[in-house]
Structures are given as structure tokens and as C-alpha cells.
Amino acid sequence: MSNIKIMDEVLANKIAAGEVVEKTMNVVKELVENSIDAKSSEISIKLIDSGVKEIEVSDNGIGMDEEDAKMAFQRHATSKLKNLDDLFYIESLGFRGEALPSIASVSNIKLKTSDGNRGTLVTIDGLKDMKVERCDLQKGTTITVSNLFYNTPVRLKYLKNLYVELAHIVEYINKMALSYPAIKFTLINNEKILLQTDGNGDLLKVIYAIFGIDITKKMIAISGENDDYYINGYISYPEVTKGNRNSITTLVNGRVIKNNELNKCIIDCYHTYIHKDRYPVIILNIDVDPILVDINIHPTKMDIKFSKMDTLKDLLIKVITEKLEHLTLIPEVSVRDSYSVSEVHRQIINKEINPELQEKEEQAYEEVTLDFEVTEKKQEYESVKEEVEQSSKKEEISKEEKVRIKKMIPRGVVLLTYIVAENEDGMYLIDQHAAAERINYEKILKQMNEKPVIVDLLVPIKIELRPDEFILVKERFELLEKYGFTTSEFGFNTIIIRSHPAWIPEDRAEDIIKKIVDIIIEKGSFDFDQFIWRMAATTACRMSVMANTYISKEDQEWILENIRYCDNPFTCPHGRPTIITYTRYELERLFKRQLD
């Protein structure tokens, strides 16, 4: 008797569902992508209990007739691929024809659709029974998925808590709204609106709806192209960072993707601008001929392969680096209005004392808040948009300037760490160590790219190592010698340094050289670029004036003058800010000379 048998269709669909539907976000993703492919201009997502109890996705797309509505639940049934050649030129978000049957196999599903001629209602219970009937006419499609995983309790058990599931959905819808600013998205959970965009095609307005005013003000537009790719979008000022890579939204032909190599390239563009454990906010659109990318490498279709990755990376580095090099990146200190804070506190106290006052205010609030919020937010956004546009104009002007910071006059030092300076624009606080470190770092990098000037040591430096460490250092003797170090073996598991490059100060040579050797023998794969950066940054740190150290006025003037001519005067090599400013306007607000 044969042991190999054809799988039951219901069982096969449940197995396929394990690849396509792992959590509630996967259901939302597949349904929303179908709505986008249906040329919708409005998409509404309504959830009950983060989608575990119910997910409803409605759109105003082209809809389906009765035959297509029934066929949509058959495995591998799709309107997006006609033949093999189409697989290599995919322009739609979905194409495999697995999503709807996979979802229907692990839930109760109701499809209501119309192509403008006739309305069709399809009801399915775990793909067991399909009921088809006519319904009222409204062009578009509404799919309701309820009781997800009711017939696969093991999978239901491994769903995360409701907050985690909802967070995944919100993150995905945010990215889709950024991908398609011309589509109006509405996301509701338990009757509470979590996101609403107006679909007018303004990407900056979508950024404002998702990230808020503070981040939107610190975004800058980018664009560029080469023979293979066209990129555009927004990048954040280095002072705006997040604690994880989720703040980087990458889109290829409108598809949200996750590509580690691409993310690393973007993050590397911010090298020394931000701390190594922080990440910028990026919204990047990549337009490319579909034949140059392969999206058919993972069931979720979120990973992607580029056939010309090097040319894409070169374009990204060029566009982002040039933009950062011509921006004024001094963080401005925002001043909170102390009057408004105390007023809010007073109102809270009054409400606690007088419940009747609270009830009256709540009634009045319900009557006026909607119009007020809409008007206020519109005015707020227009102000933000104008500010971002002005930043772009400033950036274009600054390309003609040789220095990136206006001349500053030192007025003293506070806490033996921060130089106080001023010019016609306002007041500045400069971290004396971070600024000196940046100056020395760029000076060292320049010298490292030139023929090394070697300084012989009167007393050679001897460094004893473990056997495994000795092997690693010995392997990289040539690298050290390239930059002006003279090294040799000296007995058992010991190296000796007889000379070093002139950019290492003699009074700190032993400390710096030992630290460089420590960098070489660190565990993990050896990265040449990282080694050069860390060698220069380590040397710059140890030769710069430290915090809590007195410096003369001449030293202050030297730091303020030299920091102006740095390629990146705004952060130290490790990404910490070197300078912040209190603008004249903010100072006048503090002292009530400006009351608006």
C-alpha cells in the first residue's frame, strides 16, 4: 500500500496559512495590499480587540463580479499573473493567490463586493461552506475576518498579547500610509481612531500625522537618480533619532520592504553624526524597473533582492551624504511656556475640587473641540511645511559657503565643560571636549590619508598578549605599518612597537597604541573601515581637552574658530552633539520680551 498521498485541500490550505498568516498583522497586510491593487483611493481598517476578534477592511476600489468573488478563495487564483514572463515583471503588491484561501481556512470570513453593476456577498466558515448571495450595490470591497485561528487553537495560543498585536498593525499601516500618500487611510481599534490621513498626496503631511510636529519640523527632502534607480523621500536631522531600526521605512515601487544591506548603507551615511545605538527617521522611496528586483523570495514578500545593489548604494550614499554635509545641524533648545503649564495645573486642581465645573467643561469641550482641533492642526501643519521648505532653501544657499557655522565670540566657560559664546543669531553652548575631539579627529583622518610621518621611540613599547591575540595582531602587522607603526615580534606572544605616526602625541603614545591593539584583537569579523574610524576616534579622544578642565580664553577661541571649518562640526566622532543654540527669539521668550 502506498504511503504517499495527495493532501486534503483543507489541510493544505491550513499549512499554507502557517506561512502567510502568523499574526493579525499578516491578515491586515494581505487585505490592505489587495485593496491597493484594486486601485482604491480610500481604505478603512476597523479592528475589534487588535484584530483577534474581528478585522474589517473596506475600500472603494474596482470591486469584483460574482464569478471573481467566488474564484478569489481558490488556491493560486490570481488576476495579477497571466504567464511565466509576468513573474519577472511584477508591479502589483500581491500575485501568488494564496492570501484569501489561507485566511479563510483559519477564520470566518465575509466578502461584500461590487464592480458597479452587481453586488455580491460571499460567506465562508473555515473554507468548509461557501454561501453566495446578492447584496446592496456600492462599488468597492469590504472583507470581514472574524474569530481568527478559532479552528487552530495552537496557533491562537501563540499570538502575542493584544497590545503587541496592535503595535504590529499600527507600524504596518503607518508604513503603507507613507508608501501611498494619495490614498486615504483610516485605522480604528475598538472604535478609537489610531491613524487618519487625508490622501491628498502630500508625503510630508503623512509624516506629520504619524510622527507629530517635532519630528516633522526636523525632516529634509531628498531626491536623486542614476541610470537604474530614482530615489526620493525625507531624512531626519541627526538630532532626531530612535532606539530601533523601525524608524527606517524603505519602499521599492510602493512596496514596504526590509533589507538589512540597504538599512546598513543608510545608517552608515549617518556615521559620526549619531550615536552607534541610535537610528535616524527615514522615509525612502525607490523607483526601479521591476525586472531589476526579485520579490518572490519570501512568503511575506517583504524581503527583496536587487540585481544592481552596488549602484543603488552608491546613489544613496551620494544623495544622503551630500545633504548632511550642507545642512546646519545645530540643535535649537525649545522653550516651554511656563505660564501655560501652570495654567493647566491650576485647571486640574479646580476640576478635582469642583466636579460641576469639570462636567460643564467636558460638555463645552465636546461641542467645540472637533472644529478647533482640525483648524489648529491645519495651521500647525502649514507652519511646519513652510519651515521644512525654508530649511531646504537654506541648505541650497549653504552649499556656496566654506564654513558651516557663523563666527562666534567666547564669553566664558560654565561647569568647566561648556563654552558660552554668541553671535548675532543667539547664544551657543559648546562642549569643549566634544568640539576639540571633532577637530582632532578630522585632522587625524586627513593625515592618515597622506604619506605617514614617522616618529621613532626612544624606549620601544612592549605589549604582551595571549596566544590567540598574538596571532590576530601578527596577521595585521602590514596594516599597522601602512599607517606608520613599526612592529615586530619580541619573544613569546609579545610584540614591540619601535615607531608610530606623528599624529599620535608622544606624551600619550603608549596609552593610545595599546588601545589600538585592543581594537585589532576584538572578537568578531574585522571591518577595515570601522578600524580606521575607531583608531582615529580613539586617538582624537585621548589628545583632546577633557570635561571639568579649565581652558584659557585663547583655547576657547581656538576651539570656536577651528570647529567652524570641520566637515561635520555638529557632532563628535561618536555622534554626541558638540554645540547647541538658544536663538534670540527663544531667549526673548524666556524673559517675556516675546509673548506670542
# chains A, B, ... in the order shown; residues from 1 in each chain; ligands from 1
>>> residues_around(residues="Lys29 in chain A", least_positions_apart="2", cutoff="12 Å", atoms="only C-alpha atoms", output="MDAnalysis selection string")
chainID A and resid 20:27 31:36 45 51 55:57 93:94 99:100 103 168:176 255:256 300:302
>>> residues_around(residues="Ile317 in chain A", least_positions_apart="6", cutoff="8 Å", atoms="only C-alpha atoms", output="list of chain:residue names")
A:Cys265, A:Ile266, A:Cys269
>>> write_last_selection(atoms="N, CA, C and O atoms", output="mmCIF file, in the first residue's frame")
data_model
loop_
_atom_site.group_PDB
_atom_site.id
_atom_site.type_symbol
_atom_site.label_atom_id
_atom_site.label_comp_id
_atom_site.auth_asym_id
_atom_site.auth_seq_id
_atom_site.Cartn_x
_atom_site.Cartn_y
_atom_site.Cartn_z
ATOM 1 N N CYS A 265 23.481 50.522 4.795
ATOM 2 C CA CYS A 265 24.018 51.592 3.951
ATOM 3 C C CYS A 265 23.481 52.948 4.401
ATOM 4 O O CYS A 265 24.229 53.928 4.486
ATOM 5 N N ILE A 266 22.184 53.011 4.701
ATOM 6 C CA ILE A 266 21.568 54.272 5.152
ATOM 7 C C ILE A 266 22.161 54.707 6.488
ATOM 8 O O ILE A 266 22.521 55.873 6.681
ATOM 9 N N CYS A 269 25.581 56.219 6.372
ATOM 10 C CA CYS A 269 25.630 57.620 5.914
ATOM 11 C C CYS A 269 25.602 58.586 7.100
ATOM 12 O O CYS A 269 26.061 59.734 6.984
#
>>> atom_distance(atom1="CA of Pro577 in chain A", atom2="CA of Ile207 in chain A")
25.0 Å
>>> closest_residue(among="A:Glu561, A:Glu261, A:Val453, A:Tyr229", to="Pro290 in chain A", atoms="only C-alpha atoms")
A:Tyr229
>>> atom_distance(atom1="CA of Asn200 in chain A", atom2="CA of Gly63 in chain A")
22.4 Å
>>> atom_distance(atom1="CA of Tyr565 in chain A", atom2="CA of Thr581 in chain A")
18.1 Å
>>> select_by_dssp(residues="range 449-563 of chain A", states="alpha helix (DSSP H)", output="ChimeraX atom specification")
/A:467-475,477-482,509-520,528-542,553-563
>>> residues_around(residues="Lys515 in chain A", least_positions_apart="4", cutoff="10 Å", atoms="only C-alpha atoms", output="MDAnalysis selection string")
chainID A and resid 509:511 519:520 534:535 538:539
>>> write_last_selection(atoms="N, CA and C atoms", output="compact mmCIF listing (two decimals), in the first residue's frame")
# COMPACT_ATOMS: atom_id res chain seq x y z
N ALA A 509 51.46 58.30 23.77
CA ALA A 509 51.66 57.28 22.74
C ALA A 509 51.36 55.88 23.25
N GLU A 510 51.90 55.51 24.42
CA GLU A 510 51.73 54.14 24.91
C GLU A 510 50.26 53.82 25.16
N ASP A 511 49.53 54.73 25.78
CA ASP A 511 48.12 54.52 26.08
C ASP A 511 47.32 54.35 24.79
N ILE A 519 41.64 47.24 19.83
CA ILE A 519 40.65 47.29 18.77
C ILE A 519 40.90 46.16 17.76
N ILE A 520 42.16 45.91 17.44
CA ILE A 520 42.51 44.87 16.47
C ILE A 520 42.08 43.49 16.95
N ARG A 534 37.73 53.92 14.32
CA ARG A 534 37.97 53.78 15.76
C ARG A 534 39.40 54.18 16.13
N MET A 535 40.35 53.89 15.25
CA MET A 535 41.73 54.29 15.54
C MET A 535 41.84 55.81 15.58
N THR A 538 39.69 57.14 18.68
CA THR A 538 40.35 56.86 19.96
C THR A 538 41.50 57.83 20.20
N THR A 539 42.30 58.05 19.15
CA THR A 539 43.42 58.98 19.28
C THR A 539 42.92 60.40 19.55
>>> residues_around(residues="Asp125 in chain A", least_positions_apart="2", cutoff="9 Å", atoms="only C-alpha atoms", output="list in words")
Ala104, Ser105, Val106, Ser107, Asn108, Ile109, Lys110, Thr123, Leu127, Lys128, Asp129 and Met130 of chain A
>>> write_last_selection(atoms="C-alpha atoms", output="compact mmCIF listing (two decimals), in the first residue's frame")
# COMPACT_ATOMS: atom_id res chain seq x y z
CA ALA A 104 -10.38 31.76 5.07
CA SER A 105 -9.03 28.38 6.22
CA VAL A 106 -8.35 29.65 9.77
CA SER A 107 -11.24 32.09 10.31
CA ASN A 108 -14.80 33.04 9.48
CA ILE A 109 -14.81 35.40 6.52
CA LYS A 110 -17.37 37.59 4.79
CA THR A 123 -19.77 33.99 3.42
CA LEU A 127 -13.42 27.04 3.81
CA LYS A 128 -15.99 24.33 4.65
CA ASP A 129 -19.09 26.01 3.28
CA MET A 130 -19.40 28.85 0.83
>>> closest_residue(among="A:Ile143, A:Leu166, A:Leu137, A:Leu590", to="Asp49 in chain A", atoms="only C-alpha atoms")
A:Leu166
>>> closest_residue(among="A:Ile516, A:Leu111, A:Leu329, A:Ile48", to="Gly140 in chain A", atoms="only C-alpha atoms")
A:Leu111
>>> residues_around(residues="Lys184 in chain A", least_positions_apart="3", cutoff="9 Å", atoms="only C-alpha atoms", output="MDAnalysis selection string")
chainID A and resid 40:44 177 180:181 196:200
>>> closest_residue(among="A:Asn440, A:Ser146, A:Ser114, A:Thr321", to="Ile504 in chain A", atoms="only C-alpha atoms")
A:Asn440
>>> residues_around(residues="Ala69 in chain A", least_positions_apart="4", cutoff="12 Å", atoms="only C-alpha atoms", output="VMD selection string")
chain A and resid 63 to 65 73 to 74 77 to 79 100 to 101 110 to 115 118 to 124 130 to 134 140 to 143
>>> closest_residue(among="A:Pro331, A:Ile235, A:Gly484, A:Tyr381", to="Glu450 in chain A", atoms="only C-alpha atoms")
A:Gly484
>>> closest_atom_pairs(of="range 463-575 of chain A", to="range 408-422 of chain A", cutoff="6 Å", atoms="only C-alpha atoms", output="JSON lines")
{"residue": "A:Ala547", "atom": "CA", "partner": "A:Thr417", "partner_atom": "CA", "distance": 4.7}
{"residue": "A:Asn548", "atom": "CA", "partner": "A:Leu416", "partner_atom": "CA", "distance": 4.5}
{"residue": "A:Thr549", "atom": "CA", "partner": "A:Leu416", "partner_atom": "CA", "distance": 5.5}
{"residue": "A:Tyr550", "atom": "CA", "partner": "A:Leu416", "partner_atom": "CA", "distance": 5.6}
>>> write_last_selection(atoms="all heavy atoms", output="PDB file, in the first residue's frame")
ATOM      1  N   ALA A 547      36.461  67.231  29.769  1.00  0.00           N
ATOM      2  CA  ALA A 547      35.489  67.985  30.562  1.00  0.00           C
ATOM      3  C   ALA A 547      36.050  68.198  31.964  1.00  0.00           C
ATOM      4  O   ALA A 547      36.984  67.508  32.391  1.00  0.00           O
ATOM      5  CB  ALA A 547      34.174  67.214  30.632  1.00  0.00           C
ATOM      6  N   ASN A 548      35.482  69.181  32.682  1.00  0.00           N
ATOM      7  CA  ASN A 548      35.938  69.520  34.038  1.00  0.00           C
ATOM      8  C   ASN A 548      37.403  69.938  34.054  1.00  0.00           C
ATOM      9  O   ASN A 548      38.148  69.639  34.985  1.00  0.00           O
ATOM     10  CB  ASN A 548      35.723  68.336  34.992  1.00  0.00           C
ATOM     11  CG  ASN A 548      34.271  67.945  35.105  1.00  0.00           C
ATOM     12  OD1 ASN A 548      33.409  68.781  35.352  1.00  0.00           O
ATOM     13  ND2 ASN A 548      33.988  66.666  34.882  1.00  0.00           N
ATOM     14  N   THR A 549      37.814  70.602  32.972  1.00  0.00           N
ATOM     15  CA  THR A 549      39.187  71.087  32.857  1.00  0.00           C
ATOM     16  C   THR A 549      39.164  72.563  32.478  1.00  0.00           C
ATOM     17  O   THR A 549      38.450  72.959  31.554  1.00  0.00           O
ATOM     18  CB  THR A 549      39.955  70.298  31.774  1.00  0.00           C
ATOM     19  OG1 THR A 549      39.918  68.913  32.097  1.00  0.00           O
ATOM     20  CG2 THR A 549      41.408  70.756  31.691  1.00  0.00           C
ATOM     21  N   TYR A 550      39.943  73.371  33.179  1.00  0.00           N
ATOM     22  CA  TYR A 550      39.992  74.800  32.879  1.00  0.00           C
ATOM     23  C   TYR A 550      40.711  75.032  31.557  1.00  0.00           C
ATOM     24  O   TYR A 550      41.763  74.447  31.289  1.00  0.00           O
ATOM     25  CB  TYR A 550      40.721  75.571  33.984  1.00  0.00           C
ATOM     26  CG  TYR A 550      40.987  77.014  33.618  1.00  0.00           C
ATOM     27  CD1 TYR A 550      39.980  77.968  33.697  1.00  0.00           C
ATOM     28  CD2 TYR A 550      42.239  77.412  33.146  1.00  0.00           C
ATOM     29  CE1 TYR A 550      40.213  79.290  33.332  1.00  0.00           C
ATOM     30  CE2 TYR A 550      42.496  78.727  32.787  1.00  0.00           C
ATOM     31  CZ  TYR A 550      41.465  79.662  32.872  1.00  0.00           C
ATOM     32  OH  TYR A 550      41.693  80.953  32.497  1.00  0.00           O
TER      33      TYR A 550
END
>>> decode(residues="range 116-132 of chain A", atoms="N, CA, C and O atoms", output="PDB file, in the first residue's frame")
ATOM      1  N   GLY A 116     -19.796  47.699  -9.600  1.00  0.00           N
ATOM      2  CA  GLY A 116     -20.604  48.801 -10.109  1.00  0.00           C
ATOM      3  C   GLY A 116     -21.838  48.347 -10.850  1.00  0.00           C
ATOM      4  O   GLY A 116     -22.728  49.149 -11.126  1.00  0.00           O
ATOM      5  N   ASN A 117     -21.892  47.054 -11.171  1.00  0.00           N
ATOM      6  CA  ASN A 117     -23.060  46.514 -11.876  1.00  0.00           C
ATOM      7  C   ASN A 117     -23.922  45.635 -10.981  1.00  0.00           C
ATOM      8  O   ASN A 117     -25.138  45.601 -11.115  1.00  0.00           O
ATOM      9  N   ARG A 118     -23.260  44.916 -10.064  1.00  0.00           N
ATOM     10  CA  ARG A 118     -23.996  43.980  -9.221  1.00  0.00           C
ATOM     11  C   ARG A 118     -23.225  43.743  -7.931  1.00  0.00           C
ATOM     12  O   ARG A 118     -22.004  43.637  -7.934  1.00  0.00           O
ATOM     13  N   GLY A 119     -23.933  43.671  -6.817  1.00  0.00           N
ATOM     14  CA  GLY A 119     -23.300  43.415  -5.529  1.00  0.00           C
ATOM     15  C   GLY A 119     -23.332  41.927  -5.193  1.00  0.00           C
ATOM     16  O   GLY A 119     -24.325  41.242  -5.447  1.00  0.00           O
ATOM     17  N   THR A 120     -22.239  41.431  -4.629  1.00  0.00           N
ATOM     18  CA  THR A 120     -22.127  40.013  -4.275  1.00  0.00           C
ATOM     19  C   THR A 120     -21.672  39.879  -2.832  1.00  0.00           C
ATOM     20  O   THR A 120     -20.748  40.586  -2.391  1.00  0.00           O
ATOM     21  N   LEU A 121     -22.292  38.959  -2.084  1.00  0.00           N
ATOM     22  CA  LEU A 121     -21.920  38.666  -0.705  1.00  0.00           C
ATOM     23  C   LEU A 121     -21.505  37.200  -0.626  1.00  0.00           C
ATOM     24  O   LEU A 121     -22.291  36.305  -0.960  1.00  0.00           O
ATOM     25  N   VAL A 122     -20.274  36.954  -0.205  1.00  0.00           N
ATOM     26  CA  VAL A 122     -19.758  35.593  -0.047  1.00  0.00           C
ATOM     27  C   VAL A 122     -19.440  35.380   1.429  1.00  0.00           C
ATOM     28  O   VAL A 122     -18.685  36.161   2.025  1.00  0.00           O
ATOM     29  N   THR A 123     -20.004  34.329   2.011  1.00  0.00           N
ATOM     30  CA  THR A 123     -19.768  33.993   3.421  1.00  0.00           C
ATOM     31  C   THR A 123     -19.136  32.612   3.491  1.00  0.00           C
ATOM     32  O   THR A 123     -19.635  31.665   2.882  1.00  0.00           O
ATOM     33  N   ILE A 124     -18.018  32.509   4.245  1.00  0.00           N
ATOM     34  CA  ILE A 124     -17.280  31.240   4.334  1.00  0.00           C
ATOM     35  C   ILE A 124     -16.940  30.961   5.794  1.00  0.00           C
ATOM     36  O   ILE A 124     -16.514  31.862   6.530  1.00  0.00           O
ATOM     37  N   ASP A 125     -17.071  29.706   6.176  1.00  0.00           N
ATOM     38  CA  ASP A 125     -16.716  29.262   7.530  1.00  0.00           C
ATOM     39  C   ASP A 125     -15.570  28.267   7.425  1.00  0.00           C
ATOM     40  O   ASP A 125     -15.772  27.087   7.170  1.00  0.00           O
ATOM     41  N   GLY A 126     -14.346  28.762   7.580  1.00  0.00           N
ATOM     42  CA  GLY A 126     -13.188  27.879   7.548  1.00  0.00           C
ATOM     43  C   GLY A 126     -13.052  27.109   6.251  1.00  0.00           C
ATOM     44  O   GLY A 126     -12.533  25.993   6.239  1.00  0.00           O
ATOM     45  N   LEU A 127     -13.471  27.653   5.139  1.00  0.00           N
ATOM     46  CA  LEU A 127     -13.422  27.039   3.810  1.00  0.00           C
ATOM     47  C   LEU A 127     -14.295  25.783   3.699  1.00  0.00           C
ATOM     48  O   LEU A 127     -14.193  25.039   2.738  1.00  0.00           O
ATOM     49  N   LYS A 128     -15.134  25.528   4.716  1.00  0.00           N
ATOM     50  CA  LYS A 128     -15.990  24.332   4.655  1.00  0.00           C
ATOM     51  C   LYS A 128     -17.194  24.581   3.768  1.00  0.00           C
ATOM     52  O   LYS A 128     -17.514  23.789   2.884  1.00  0.00           O
ATOM     53  N   ASP A 129     -17.876  25.696   4.030  1.00  0.00           N
ATOM     54  CA  ASP A 129     -19.091  26.009   3.284  1.00  0.00           C
ATOM     55  C   ASP A 129     -18.975  27.412   2.707  1.00  0.00           C
ATOM     56  O   ASP A 129     -18.526  28.335   3.385  1.00  0.00           O
ATOM     57  N   MET A 130     -19.379  27.543   1.465  1.00  0.00           N
ATOM     58  CA  MET A 130     -19.399  28.854   0.827  1.00  0.00           C
ATOM     59  C   MET A 130     -20.837  29.197   0.461  1.00  0.00           C
ATOM     60  O   MET A 130     -21.497  28.447  -0.251  1.00  0.00           O
ATOM     61  N   LYS A 131     -21.285  30.338   0.960  1.00  0.00           N
ATOM     62  CA  LYS A 131     -22.637  30.812   0.672  1.00  0.00           C
ATOM     63  C   LYS A 131     -22.530  32.086  -0.147  1.00  0.00           C
ATOM     64  O   LYS A 131     -21.858  33.040   0.256  1.00  0.00           O
ATOM     65  N   VAL A 132     -23.177  32.120  -1.312  1.00  0.00           N
ATOM     66  CA  VAL A 132     -23.100  33.261  -2.211  1.00  0.00           C
ATOM     67  C   VAL A 132     -24.502  33.821  -2.423  1.00  0.00           C
ATOM     68  O   VAL A 132     -25.443  33.074  -2.718  1.00  0.00           O
TER      69      VAL A 132
END
